[in-house]
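Data file: work.cif. Format and content: mmCIF, C-alpha atoms and all ligand atoms.
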data_run
loop_
_atom_site.label_atom_id
_atom_site.label_comp_id
_atom_site.auth_asym_id
_atom_site.auth_seq_id
_atom_site.Cartn_x
_atom_site.Cartn_y
_atom_site.Cartn_z
CA MET W 1 203.58 244.46 99.76
CA SER W 2 205.81 241.79 101.14
CA TYR W 3 204.98 242.20 104.84
CA LYS W 4 201.48 240.76 104.56
CA ASN W 5 202.44 237.90 102.25
CA THR W 6 203.63 234.62 103.76
CA VAL W 7 205.53 233.70 100.59
CA VAL W 8 207.11 236.26 98.29
CA CYS W 9 208.93 235.30 95.10
CA GLN W 10 210.59 238.13 93.23
CA HIS W 11 212.09 237.85 89.76
CA LEU W 12 213.07 234.21 90.05
CA HIS W 13 215.43 232.98 87.34
CA LYS W 14 216.72 229.45 86.95
CA SER W 15 218.55 227.67 84.12
CA PHE W 16 219.70 224.08 83.78
CA ALA W 17 222.81 223.71 81.61
CA ASP W 18 222.31 227.21 80.14
CA GLN W 19 218.69 226.38 79.26
CA PRO W 20 216.38 228.91 80.97
CA VAL W 21 213.61 227.04 82.77
CA ILE W 22 212.23 229.79 85.01
CA GLY W 23 212.12 233.11 83.15
CA ASN W 24 211.13 235.88 85.51
CA VAL W 25 208.66 234.60 88.03
CA SER W 26 207.16 236.86 90.70
CA PHE W 27 204.20 236.28 92.99
CA GLY W 28 203.08 236.65 96.58
CA ILE W 29 200.80 234.46 98.66
CA GLN W 30 198.71 235.84 101.48
CA ARG W 31 198.59 233.98 104.77
CA GLY W 32 196.01 231.19 104.66
CA ASP W 33 195.68 231.21 100.89
CA ILE W 34 196.18 228.32 98.51
CA LEU W 35 197.99 229.28 95.32
CA ALA W 36 197.47 226.81 92.49
CA LEU W 37 200.42 226.78 90.13
CA LEU W 38 198.86 225.53 86.91
CA GLY W 39 200.44 224.78 83.56
CA PRO W 40 201.33 222.08 81.03
CA SER W 41 203.99 219.48 81.71
CA GLY W 42 207.52 220.90 81.52
CA CYS W 43 206.54 224.56 82.07
CA GLY W 44 208.54 224.86 85.31
CA LYS W 45 206.04 224.19 88.10
CA THR W 46 208.10 221.63 90.01
CA THR W 47 211.24 223.72 89.62
CA THR W 48 209.43 226.73 91.13
CA LEU W 49 208.31 224.58 94.06
CA ARG W 50 211.82 223.16 94.56
CA LEU W 51 213.25 226.68 94.56
CA ILE W 52 210.82 227.65 97.34
CA ALA W 53 211.64 224.47 99.28
CA GLY W 54 215.38 224.96 98.87
CA PHE W 55 216.10 221.81 96.85
CA GLU W 56 217.32 224.00 93.97
CA THR W 57 219.31 227.21 94.16
CA LEU W 58 218.32 230.40 92.36
CA ASP W 59 220.36 231.98 89.57
CA SER W 60 218.89 235.31 90.60
CA GLY W 61 215.88 236.70 92.42
CA ARG W 62 214.70 236.52 95.98
CA ILE W 63 212.41 234.30 98.04
CA GLU W 64 210.92 235.28 101.39
CA ILE W 65 208.99 232.99 103.70
CA ASP W 66 207.18 234.45 106.68
CA GLY W 67 209.07 237.73 106.47
CA ARG W 68 212.50 236.13 106.24
CA ILE W 69 214.73 235.98 103.18
CA VAL W 70 215.44 232.30 102.49
CA ALA W 71 217.15 232.67 99.09
CA GLU W 72 218.87 235.57 97.38
CA ASP W 73 221.99 236.04 95.24
CA ASN W 74 224.56 233.71 96.78
CA PHE W 75 222.54 232.97 99.88
CA SER W 76 220.40 229.86 100.30
CA LEU W 77 218.92 228.60 103.54
CA PRO W 78 218.80 224.77 103.63
CA PRO W 79 215.34 223.16 103.23
CA GLU W 80 215.04 222.05 106.87
CA LYS W 81 215.44 225.65 108.04
CA ARG W 82 212.81 227.16 105.73
CA ARG W 83 209.67 226.01 107.59
CA VAL W 84 208.20 224.34 104.52
CA GLY W 85 206.19 221.11 104.45
CA MET W 86 206.27 219.03 101.28
CA VAL W 87 203.69 216.62 99.86
CA PHE W 88 204.71 214.81 96.69
CA GLN W 89 202.96 212.95 93.90
CA ASP W 90 204.28 209.58 95.10
CA TYR W 91 203.51 210.42 98.77
CA ALA W 92 207.17 209.75 99.69
CA ILE W 93 206.18 208.18 102.97
CA PHE W 94 208.65 205.68 104.39
CA PRO W 95 207.46 202.13 103.62
CA HIS W 96 209.36 200.57 106.53
CA LEU W 97 207.95 202.94 109.17
CA SER W 98 204.51 202.73 110.76
CA VAL W 99 201.95 205.42 110.05
CA ALA W 100 202.63 207.06 113.43
CA LYS W 101 206.40 206.99 112.92
CA ASN W 102 205.97 208.56 109.50
CA VAL W 103 203.96 211.41 110.97
CA ALA W 104 206.41 211.84 113.86
CA PHE W 105 209.43 211.72 111.55
CA GLY W 106 210.45 215.37 111.65
CA LEU W 107 209.31 216.05 115.20
CA GLY W 108 212.46 214.92 116.96
CA ARG W 109 212.18 213.55 120.49
CA GLY W 110 210.33 214.66 123.55
CA PRO W 111 207.16 214.23 125.54
CA GLN W 112 205.02 216.23 123.09
CA VAL W 113 205.83 214.03 120.11
CA ASP W 114 203.24 211.32 120.82
CA GLU W 115 200.57 213.86 121.56
CA ARG W 116 201.29 215.86 118.43
CA THR W 117 201.30 212.68 116.32
CA ALA W 118 197.96 211.60 117.78
CA THR W 119 196.48 215.04 117.12
CA MET W 120 197.61 214.98 113.51
CA LEU W 121 196.34 211.43 112.90
CA HIS W 122 193.02 212.33 114.42
CA MET W 123 192.82 215.40 112.21
CA VAL W 124 193.32 213.42 109.00
CA GLY W 125 190.82 210.75 110.07
CA LEU W 126 193.39 208.05 110.87
CA ALA W 127 193.08 208.18 114.67
CA ASN W 128 193.40 204.42 115.28
CA GLN W 129 195.68 203.58 112.38
CA GLY W 130 199.01 204.71 113.83
CA ALA W 131 200.39 201.18 114.20
CA ARG W 132 199.59 200.14 110.64
CA MET W 133 202.17 200.01 107.88
CA PRO W 134 201.81 202.21 104.77
CA HIS W 135 201.17 199.25 102.43
CA GLU W 136 198.08 198.40 104.47
CA LEU W 137 196.53 201.76 103.58
CA SER W 138 194.73 202.91 100.44
CA GLY W 139 196.32 205.53 98.19
CA GLY W 140 194.03 208.20 99.59
CA GLN W 141 194.95 207.26 103.18
CA GLN W 142 198.66 207.29 102.33
CA GLN W 143 198.28 210.79 100.94
CA ARG W 144 196.60 211.84 104.19
CA VAL W 145 199.58 210.44 106.12
CA ALA W 146 201.88 212.53 103.92
CA LEU W 147 199.78 215.61 104.60
CA ALA W 148 199.70 214.91 108.35
CA ARG W 149 203.50 214.60 108.33
CA ALA W 150 203.85 217.89 106.45
CA LEU W 151 201.43 219.73 108.76
CA ALA W 152 202.87 218.21 111.97
CA LEU W 153 205.86 220.55 111.79
CA ASP W 154 203.57 223.57 111.68
CA PRO W 155 205.18 224.85 108.48
CA ALA W 156 204.82 228.44 107.29
CA VAL W 157 203.92 227.06 103.88
CA VAL W 158 202.85 223.65 102.58
CA LEU W 159 204.10 222.74 99.09
CA LEU W 160 202.11 220.09 97.22
CA ASP W 161 203.39 218.74 93.90
CA GLU W 162 200.62 217.01 91.89
CA PRO W 163 199.57 215.15 95.05
CA PHE W 164 196.59 213.37 93.48
CA SER W 165 198.05 212.09 90.23
CA ASN W 166 198.59 208.56 91.56
CA LEU W 167 194.96 208.20 92.60
CA ASP W 168 192.23 206.91 90.33
CA THR W 169 189.59 209.39 89.15
CA ALA W 170 186.86 208.59 91.68
CA LEU W 171 189.20 208.70 94.68
CA ARG W 172 190.87 211.85 93.38
CA GLN W 173 187.75 213.97 93.73
CA GLN W 174 187.21 212.76 97.28
CA VAL W 175 190.84 213.19 98.35
CA ARG W 176 191.09 216.67 96.89
CA ARG W 177 188.01 217.72 98.89
CA GLU W 178 189.59 216.25 102.04
CA VAL W 179 192.94 217.92 101.41
CA LYS W 180 191.34 221.28 100.77
CA SER W 181 189.31 221.13 103.96
CA LEU W 182 192.36 220.00 105.98
CA LEU W 183 194.46 222.86 104.62
CA LYS W 184 191.66 225.32 105.36
CA GLN W 185 191.02 223.94 108.88
CA ASN W 186 194.70 224.45 109.62
CA GLY W 187 194.74 227.92 108.12
CA ALA W 188 197.67 226.65 106.07
CA THR W 189 199.32 228.75 103.40
CA ALA W 190 199.99 226.47 100.46
CA VAL W 191 201.35 226.20 96.93
CA PHE W 192 199.62 223.48 94.99
CA VAL W 193 201.10 222.34 91.67
CA THR W 194 198.88 220.77 89.04
CA HIS W 195 198.46 220.46 85.27
CA ASP W 196 194.72 219.90 85.71
CA GLN W 197 192.67 223.08 85.34
CA GLU W 198 189.63 221.66 87.11
CA GLU W 199 191.78 220.77 90.13
CA ALA W 200 193.26 224.28 90.13
CA LEU W 201 189.80 225.87 89.95
CA PHE W 202 188.64 223.70 92.86
CA LEU W 203 191.63 224.19 95.17
CA GLY W 204 193.11 227.57 94.38
CA ASP W 205 192.18 230.80 96.12
CA GLN W 206 194.49 232.22 93.47
CA ILE W 207 195.65 230.56 90.28
CA ALA W 208 198.96 231.28 88.58
CA VAL W 209 198.88 230.02 85.00
CA MET W 210 202.41 229.12 83.89
CA ASN W 211 203.69 228.71 80.37
CA ASP W 212 207.26 228.07 79.35
CA GLY W 213 208.87 229.35 82.55
CA LEU W 214 206.66 232.43 82.92
CA ILE W 215 203.46 233.25 84.78
CA GLU W 216 201.01 234.39 82.11
CA GLN W 217 198.29 235.34 84.55
CA LEU W 218 197.71 235.38 88.30
CA GLY W 219 194.21 235.87 89.66
CA THR W 220 191.17 234.29 91.27
CA PRO W 221 189.72 231.22 89.54
CA GLU W 222 186.91 233.40 88.15
CA GLU W 223 189.35 235.98 86.81
CA VAL W 224 191.61 233.56 84.99
CA PHE W 225 188.69 231.59 83.60
CA GLN W 226 186.42 234.46 82.56
CA ARG W 227 189.01 237.12 81.81
CA PRO W 228 191.99 235.33 80.30
CA ARG W 229 194.65 237.89 79.51
CA THR W 230 196.37 235.81 76.85
CA ARG W 231 195.26 233.35 74.23
CA PHE W 232 197.31 230.66 75.97
CA VAL W 233 195.34 231.13 79.21
CA ALA W 234 192.02 231.05 77.33
CA GLU W 235 192.95 227.78 75.65
CA PHE W 236 194.46 226.19 78.72
CA MET W 237 191.63 227.10 81.12
CA GLY W 238 188.90 225.26 79.25
CA LYS W 239 187.44 224.12 76.02
CA THR W 240 187.80 227.24 73.91
CA ASP W 241 187.15 227.67 70.20
CA PHE W 242 188.14 230.70 68.14
CA VAL W 243 186.06 232.48 65.53
CA PRO W 244 187.61 235.11 63.23
CA GLY W 245 186.37 238.69 63.42
CA VAL W 246 187.15 242.15 62.08
CA VAL W 247 187.11 245.34 64.14
CA ASN W 248 184.55 247.91 63.00
CA GLU W 249 184.75 250.93 65.34
CA GLN W 250 183.50 249.74 68.78
CA THR W 251 182.29 246.37 67.50
CA ILE W 252 183.64 243.16 66.03
CA GLU W 253 181.95 241.84 62.91
CA SER W 254 181.84 238.07 62.67
CA THR W 255 179.74 235.15 61.56
CA LEU W 256 178.26 235.18 65.09
CA GLY W 257 176.96 238.71 64.49
CA ARG W 258 178.17 242.14 65.45
CA LEU W 259 179.66 241.98 68.94
CA PRO W 260 180.09 245.15 71.00
CA LEU W 261 183.50 245.93 72.52
CA PRO W 262 182.92 249.37 74.05
CA GLN W 263 186.44 250.37 75.12
CA MET W 264 188.31 248.87 72.24
CA ALA W 265 191.29 250.86 71.00
CA LEU W 266 192.04 248.92 67.81
CA PRO W 267 191.64 250.53 64.37
CA SER W 268 188.78 249.38 62.14
CA GLY W 269 189.83 246.57 59.85
CA THR W 270 192.04 244.85 62.47
CA VAL W 271 191.65 241.07 62.34
CA VAL W 272 191.02 239.40 65.72
CA SER W 273 189.86 236.01 67.01
CA ILE W 274 186.88 235.70 69.29
CA ALA W 275 187.13 233.12 72.09
CA VAL W 276 183.99 231.02 72.34
CA ARG W 277 183.22 228.40 74.98
CA PRO W 278 180.35 225.88 74.84
CA ASP W 279 178.32 227.78 77.46
CA ASP W 280 178.55 231.05 75.47
CA VAL W 281 176.73 229.77 72.42
CA ALA W 282 172.95 229.80 71.93
CA LEU W 283 171.54 227.69 69.08
CA GLN W 284 168.31 227.83 67.15
CA ALA W 285 167.22 225.75 64.20
CA ALA W 286 167.34 228.00 61.14
CA GLU W 287 163.98 228.32 59.45
CA GLY W 288 162.64 229.22 56.04
CA VAL W 289 164.61 231.42 53.69
CA GLU W 290 167.03 232.45 56.38
CA MET W 291 169.41 229.49 56.45
CA GLY W 292 171.32 230.45 59.60
CA ASN W 293 175.07 230.77 60.01
CA GLY W 294 176.15 227.17 60.51
CA ARG W 295 175.33 223.52 60.56
CA ILE W 296 175.35 220.82 63.26
CA ILE W 297 178.26 218.46 62.62
CA SER W 298 177.78 216.11 65.55
CA ARG W 299 176.55 216.00 69.10
CA GLN W 300 177.74 214.30 72.23
CA PHE W 301 175.23 213.25 74.87
CA THR W 302 176.75 213.78 78.32
CA GLY W 303 173.67 212.81 80.34
CA ILE W 304 172.46 216.16 81.60
CA ALA W 305 173.31 217.97 78.37
CA TYR W 306 174.22 217.77 74.73
CA ILE W 307 177.44 219.26 73.46
CA TYR W 308 176.80 220.22 69.85
CA GLN W 309 179.61 220.67 67.39
CA VAL W 310 178.77 223.36 64.85
CA ARG W 311 180.59 224.26 61.65
CA LEU W 312 180.05 227.98 61.02
CA ASP W 313 179.77 229.46 57.53
CA ASP W 314 183.27 230.96 57.95
CA ASP W 315 184.50 227.34 58.36
CA SER W 316 185.38 227.65 62.07
CA LEU W 317 184.29 224.91 64.43
CA ILE W 318 182.54 225.79 67.70
CA HIS W 319 180.83 223.87 70.50
CA SER W 320 177.54 224.62 72.20
CA TRP W 321 176.31 223.29 75.52
CA GLN W 322 172.54 222.66 75.43
CA PRO W 323 169.93 221.05 77.67
CA HIS W 324 168.90 217.56 76.54
CA THR W 325 165.53 219.02 75.58
CA LEU W 326 167.01 220.75 72.53
CA ASN W 327 167.03 218.03 69.94
CA LEU W 328 168.84 218.99 66.73
CA PRO W 329 170.11 216.08 64.63
CA PRO W 330 173.43 216.36 62.78
CA GLY W 331 172.99 218.17 59.47
CA THR W 332 170.50 220.71 60.87
CA ALA W 333 171.06 224.29 59.71
CA VAL W 334 171.30 226.53 62.78
CA GLN W 335 171.65 230.14 63.85
CA ALA W 336 174.43 230.35 66.47
CA THR W 337 174.68 233.47 68.63
CA ILE W 338 176.56 234.56 71.75
CA ARG W 339 174.30 234.43 74.78
CA PRO W 340 173.21 237.78 76.20
CA ASP W 341 175.23 239.01 79.21
CA HIS W 342 178.23 236.83 78.43
CA THR W 343 181.59 238.58 78.44
CA ILE W 344 183.25 238.38 75.07
CA THR W 345 186.97 237.93 74.91
CA ALA W 346 188.71 238.52 71.62
CA PHE W 347 192.43 238.23 70.95
CA HIS W 348 194.65 240.43 68.91
CA GLY W 349 197.64 238.16 68.53
CA GLN W 350 198.19 236.79 72.05
CA GLN W 351 196.63 239.78 73.83
CA ALA W 352 193.04 239.88 75.11
CA ILE W 353 190.46 242.60 74.53
CA TRP W 354 187.07 242.38 76.27
CA GLY W 355 183.48 243.41 75.81
CA GLN W 356 180.06 242.75 77.28
CA GLN W 357 177.13 241.53 75.23
CA ALA W 358 174.17 243.82 75.80
CA SER W 359 171.35 242.24 77.74
CA ARG W 360 168.36 241.50 75.53
CA ALA W 361 165.87 241.73 78.41
P1 LIG W 401 206.80 220.79 85.39
O1 LIG W 401 206.82 220.45 86.83
O2 LIG W 401 205.98 222.01 85.08
O3 LIG W 401 206.37 219.64 84.53
P2 LIG W 401 209.67 221.03 85.67
O4 LIG W 401 209.86 222.19 86.58
O5 LIG W 401 209.82 219.68 86.26
O6 LIG W 401 208.28 221.18 84.91
O7 LIG W 401 210.69 221.13 84.46
C1 LIG W 401 210.82 222.29 83.67
C2 LIG W 401 211.90 222.07 82.66
O8 LIG W 401 213.17 221.98 83.30
C3 LIG W 401 211.76 220.79 81.86
O9 LIG W 401 212.15 221.04 80.54
C4 LIG W 401 212.72 219.84 82.55
O10 LIG W 401 213.20 218.88 81.63
C5 LIG W 401 213.82 220.77 83.00
N1 LIG W 401 214.51 220.29 84.23
C6 LIG W 401 213.93 220.14 85.44
N2 LIG W 401 214.83 219.73 86.35
C7 LIG W 401 216.01 219.61 85.71
C8 LIG W 401 217.34 219.22 86.09
N3 LIG W 401 217.63 218.89 87.36
N4 LIG W 401 218.29 219.22 85.13
C9 LIG W 401 218.02 219.58 83.87
N5 LIG W 401 216.81 219.95 83.43
C10 LIG W 401 215.80 219.98 84.33
MG MG W 402 206.28 218.65 87.80
#

In structure tokens, write the structure found in this file.
Amino acid sequence: MSYKNTVVCQHLHKSFADQPVIGNVSFGIQRGDILALLGPSGCGKTTTLRLIAGFETLDSGRIEIDGRIVAEDNFSLPPEKRRVGMVFQDYAIFPHLSVAKNVAFGLGRGPQVDERTATMLHMVGLANQGARMPHELSGGQQQRVALARALALDPAVVLLDEPFSNLDTALRQQVRREVKSLLKQNGATAVFVTHDQEEALFLGDQIAVMNDGLIEQLGTPEEVFQRPRTRFVAEFMGKTDFVPGVVNEQTIESTLGRLPLPQMALPSGTVVSIAVRPDDVALQAAEGVEMGNGRIISRQFTGIAYIYQVRLDDDSLIHSWQPHTLNLPPGTAVQATIRPDHTITAFHGQQAIWGQQASRA
């Protein structure tokens, strides 16, 4: 498997002062792919990146870059020999050097340096800004200088550690689009570290969800969002509520109705929790004698939609995303159901089990 992957990490372990920080991390990145390393603060993302870059040494495991072993057992190639380009949160561009000198920093000397620098500045949209000093640039422009400097060396892999966290929200969206298109134009292989799931979904060809020094799931954005393998991933990847259920043969009985889980191998009577996201839940005002299965607690108007908060009869709290045309004031008794065709994920402890709602066409 390793020959077609530009970066291969196998069984990485790392402790600081006998405290394990990286448990047993393995992944591969195909050439030209962006891997988003996503997880809460302190889960080991930066350490993983620093191990790949060579700023930290492994306790055990192996790292290959472009078919070459760069770290293993007692062997560690220094960072400058690993063909990695780094982009940091705080840009780490040199304040006393001009934009052009920053970009040219690692290129050494020679006739091609000026040309290469000009090419890179042109690419990041700073063609005539080479003589300016970093403080004269906006945060977004400084981050483009950092990216130009990283790409100038034609690295085998670009490592980006929370590169947008110093930018304000509006600029962030723009800069992340620019960075993605620059990485893609260059066919760059990249590892992108973030704690922001939306950023990971936007940038990652693959997402590795990390928790407490381990990768809980590695897959496409769609896979990790729609088919979370663990309860942690379901909670971390988006607003997820949980509703209790009980297995009854190939179904789960719950306040939301009887949900089919065709290939389920759990004995009847097993207690599970059903993961429910706002887009999964259909709502109807309960009418007449049938008083529904819950009550509207509150609603938040987001402009294009309402997000309703519903207290179910079993006391669990769920959210439902509705068009602004559905007008149900707080206090309304409602019937909440899972939308047809939505995949249902339930959890037995930490572990996911899946099923498909039958279409009601
Ligand atoms: P993340 O980037 O996901 O926020 P880090 O990789 O920076 O997490 O840190 C993971 C854990 O390792 C944290 O508990 C952090 O305190 C610890 N850690 C990181 N670097 C060092 C170090 N040089 N010495 C001791 N502990 C460290
Ligand atoms: Mg970090």

Could you tell me, counting all atoms listed in the file, which protein and nucleic acid residues lie no more than 7 Å from ligand LIG 401 (chain W), written as a PDB file with C-alpha atoms, in the coordinates of the input?
ATOM      1  CA  PHE W  16     219.700 224.080  83.780  1.00  0.00           C
ATOM      2  CA  ALA W  17     222.810 223.710  81.610  1.00  0.00           C
ATOM      3  CA  VAL W  21     213.610 227.040  82.770  1.00  0.00           C
ATOM      4  CA  GLY W  39     200.440 224.780  83.560  1.00  0.00           C
ATOM      5  CA  PRO W  40     201.330 222.080  81.030  1.00  0.00           C
ATOM      6  CA  SER W  41     203.990 219.480  81.710  1.00  0.00           C
ATOM      7  CA  GLY W  42     207.520 220.900  81.520  1.00  0.00           C
ATOM      8  CA  CYS W  43     206.540 224.560  82.070  1.00  0.00           C
ATOM      9  CA  GLY W  44     208.540 224.860  85.310  1.00  0.00           C
ATOM     10  CA  LYS W  45     206.040 224.190  88.100  1.00  0.00           C
ATOM     11  CA  THR W  46     208.100 221.630  90.010  1.00  0.00           C
ATOM     12  CA  THR W  47     211.240 223.720  89.620  1.00  0.00           C
ATOM     13  CA  THR W  48     209.430 226.730  91.130  1.00  0.00           C
TER      14      THR W  48
END

Can you tell me which residues surround Glu162 of chain W at a distance of at most 6 Å, considering only C-alpha atoms, apart from same-chain residues fewer than 2 positions away, and format the answer as a CSV table (one decimal) with C-alpha atoms, keeping the file's coordinate frame?
chain,number,residue,atom,x,y,z
W,89,GLN,CA,203.0,213.0,93.9
W,164,PHE,CA,196.6,213.4,93.5
W,165,SER,CA,198.0,212.1,90.2
W,193,VAL,CA,201.1,222.3,91.7
W,194,THR,CA,198.9,220.8,89.0

> If we count all atoms listed in the file, what is near Pro228 of chain W at a cut-off of 10 Å, once residues fewer than 6 positions away on the same chain are taken out, given as an MDAnalysis selection string?
Replying inline: chainID W and resid 209 216:219 222 234:237 275 345:347 351:354

Generate a file of the selected residues that holds C-alpha atoms, formatted as a compact mmCIF listing (two decimals), in the frame of the given file.
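New file again-v2.txt:
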# COMPACT_ATOMS: atom_id res chain seq x y z
CA VAL W 209 198.88 230.02 85.00
CA GLU W 216 201.01 234.39 82.11
CA GLN W 217 198.29 235.34 84.55
CA LEU W 218 197.71 235.38 88.30
CA GLY W 219 194.21 235.87 89.66
CA GLU W 222 186.91 233.40 88.15
CA ALA W 234 192.02 231.05 77.33
CA GLU W 235 192.95 227.78 75.65
CA PHE W 236 194.46 226.19 78.72
CA MET W 237 191.63 227.10 81.12
CA ALA W 275 187.13 233.12 72.09
CA THR W 345 186.97 237.93 74.91
CA ALA W 346 188.71 238.52 71.62
CA PHE W 347 192.43 238.23 70.95
CA GLN W 351 196.63 239.78 73.83
CA ALA W 352 193.04 239.88 75.11
CA ILE W 353 190.46 242.60 74.53
CA TRP W 354 187.07 242.38 76.27

For segment 199-288 of chain W versus segment 166-185 of chain W, which residues have an atom no more than 12 Å away, and what is each residue's nearest atom pair and distance in Å rounded to one decimal, using all atoms listed in the file, chain-then-number order, as CSV?
residue,atom,partner,partner_atom,distance
W:Glu199,CA,W:Arg176,CA,7.9
W:Ala200,CA,W:Arg176,CA,10.4
W:Leu201,CA,W:Arg176,CA,11.6
W:Phe202,CA,W:Arg176,CA,8.5
W:Leu203,CA,W:Lys180,CA,6.3
W:Gly204,CA,W:Lys180,CA,9.1
W:Asp205,CA,W:Lys180,CA,10.6

> Closest to Ile344 of chain W among W:Gln19, W:Gln141, W:Asn24, W:Gln226, using all atoms listed in the file?
Replying inline: W:Gln226

>> Using all atoms listed in the file - which residues lie no farther than 8 Å from the point (200.6, 214.8, 97.9) in the file's frame? Write them as a PyMOL selection string.
In response: chain W and resi 86-91+143+146-147+160-164

> Hey, can you pull every residue with an atom no more than 12 Å from (175.9, 230.9, 73.1), using all atoms listed in the file, and send it as number ranges by chain?
Replying inline: W: 256-257, 275-284, 307-308, 310, 318-322, 335-344, 357

> Any idea what's packed within 10 Å of Leu35 of chain W, counting all atoms listed in the file, ignoring anything in its chain fewer than 2 positions away? Could you give it as a ChimeraX atom specification?
Replying inline: /W:27-30,32-33,37-38,159,189-193,200,203-208,218-220

Dump as an mmCIF file, in the frame of the given file, selection limited to C-alpha atoms:
data_model
loop_
_atom_site.group_PDB
_atom_site.id
_atom_site.type_symbol
_atom_site.label_atom_id
_atom_site.label_comp_id
_atom_site.auth_asym_id
_atom_site.auth_seq_id
_atom_site.Cartn_x
_atom_site.Cartn_y
_atom_site.Cartn_z
ATOM 1 C CA PHE W 27 204.200 236.280 92.990
ATOM 2 C CA GLY W 28 203.080 236.650 96.580
ATOM 3 C CA ILE W 29 200.800 234.460 98.660
ATOM 4 C CA GLN W 30 198.710 235.840 101.480
ATOM 5 C CA GLY W 32 196.010 231.190 104.660
ATOM 6 C CA ASP W 33 195.680 231.210 100.890
ATOM 7 C CA LEU W 37 200.420 226.780 90.130
ATOM 8 C CA LEU W 38 198.860 225.530 86.910
ATOM 9 C CA LEU W 159 204.100 222.740 99.090
ATOM 10 C CA THR W 189 199.320 228.750 103.400
ATOM 11 C CA ALA W 190 199.990 226.470 100.460
ATOM 12 C CA VAL W 191 201.350 226.200 96.930
ATOM 13 C CA PHE W 192 199.620 223.480 94.990
ATOM 14 C CA VAL W 193 201.100 222.340 91.670
ATOM 15 C CA ALA W 200 193.260 224.280 90.130
ATOM 16 C CA LEU W 203 191.630 224.190 95.170
ATOM 17 C CA GLY W 204 193.110 227.570 94.380
ATOM 18 C CA ASP W 205 192.180 230.800 96.120
ATOM 19 C CA GLN W 206 194.490 232.220 93.470
ATOM 20 C CA ILE W 207 195.650 230.560 90.280
ATOM 21 C CA ALA W 208 198.960 231.280 88.580
ATOM 22 C CA LEU W 218 197.710 235.380 88.300
ATOM 23 C CA GLY W 219 194.210 235.870 89.660
ATOM 24 C CA THR W 220 191.170 234.290 91.270
#

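Interatomic distance, atom CA of Val145 of chain W to atom CA of Leu121 of chain W: 7.6 Å.
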
> Counting only C-alpha atoms and all ligand atoms, which of W:Arg258, W:Arg109, W:His195, W:Lys239 gets nearest to ligand MG 402 (chain W)?
Replying inline: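 Going through W:Arg258, W:Arg109, W:His195, W:Lys239 one by one, the smallest distance to ligand MG 402 (chain W) is for W:His195.
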
> Between atom CA of Gly294 of chain W and atom CA of Asp315 of chain W, what is the spacing in Å?
Replying inline: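 Answer for the atom CA of Asp315 of chain W to atom CA of Gly294 of chain W separation: 8.6 Å.
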
>> Restricting the calculation to only C-alpha atoms and all ligand atoms: of W:Val233, W:Leu49, W:Val334, W:Leu126, which residue gets closest to ligand MG 402 (chain W)?
In response: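 With only C-alpha atoms and all ligand atoms as the atom set, the closest residue is W:Leu49.
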
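With all atoms listed in the file as the atoms that count, the residue of W:Asp196, W:Gln112, W:Thr270, W:Pro323 with the shortest distance to ligand MG 402 (chain W) is W:Asp196.
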
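Residue nearest Val157 of chain W, chosen from W:Gly130, W:Gly85, W:Pro78, W:Pro244 and counting all atoms listed in the file: W:Gly85.
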
>> What does the structure give for the distance between atom CA of Arg311 of chain W and atom CA of Phe242 of chain W, in Å to one decimal?
In response: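 Rounded to one decimal, the two atoms are 11.9 Å apart.
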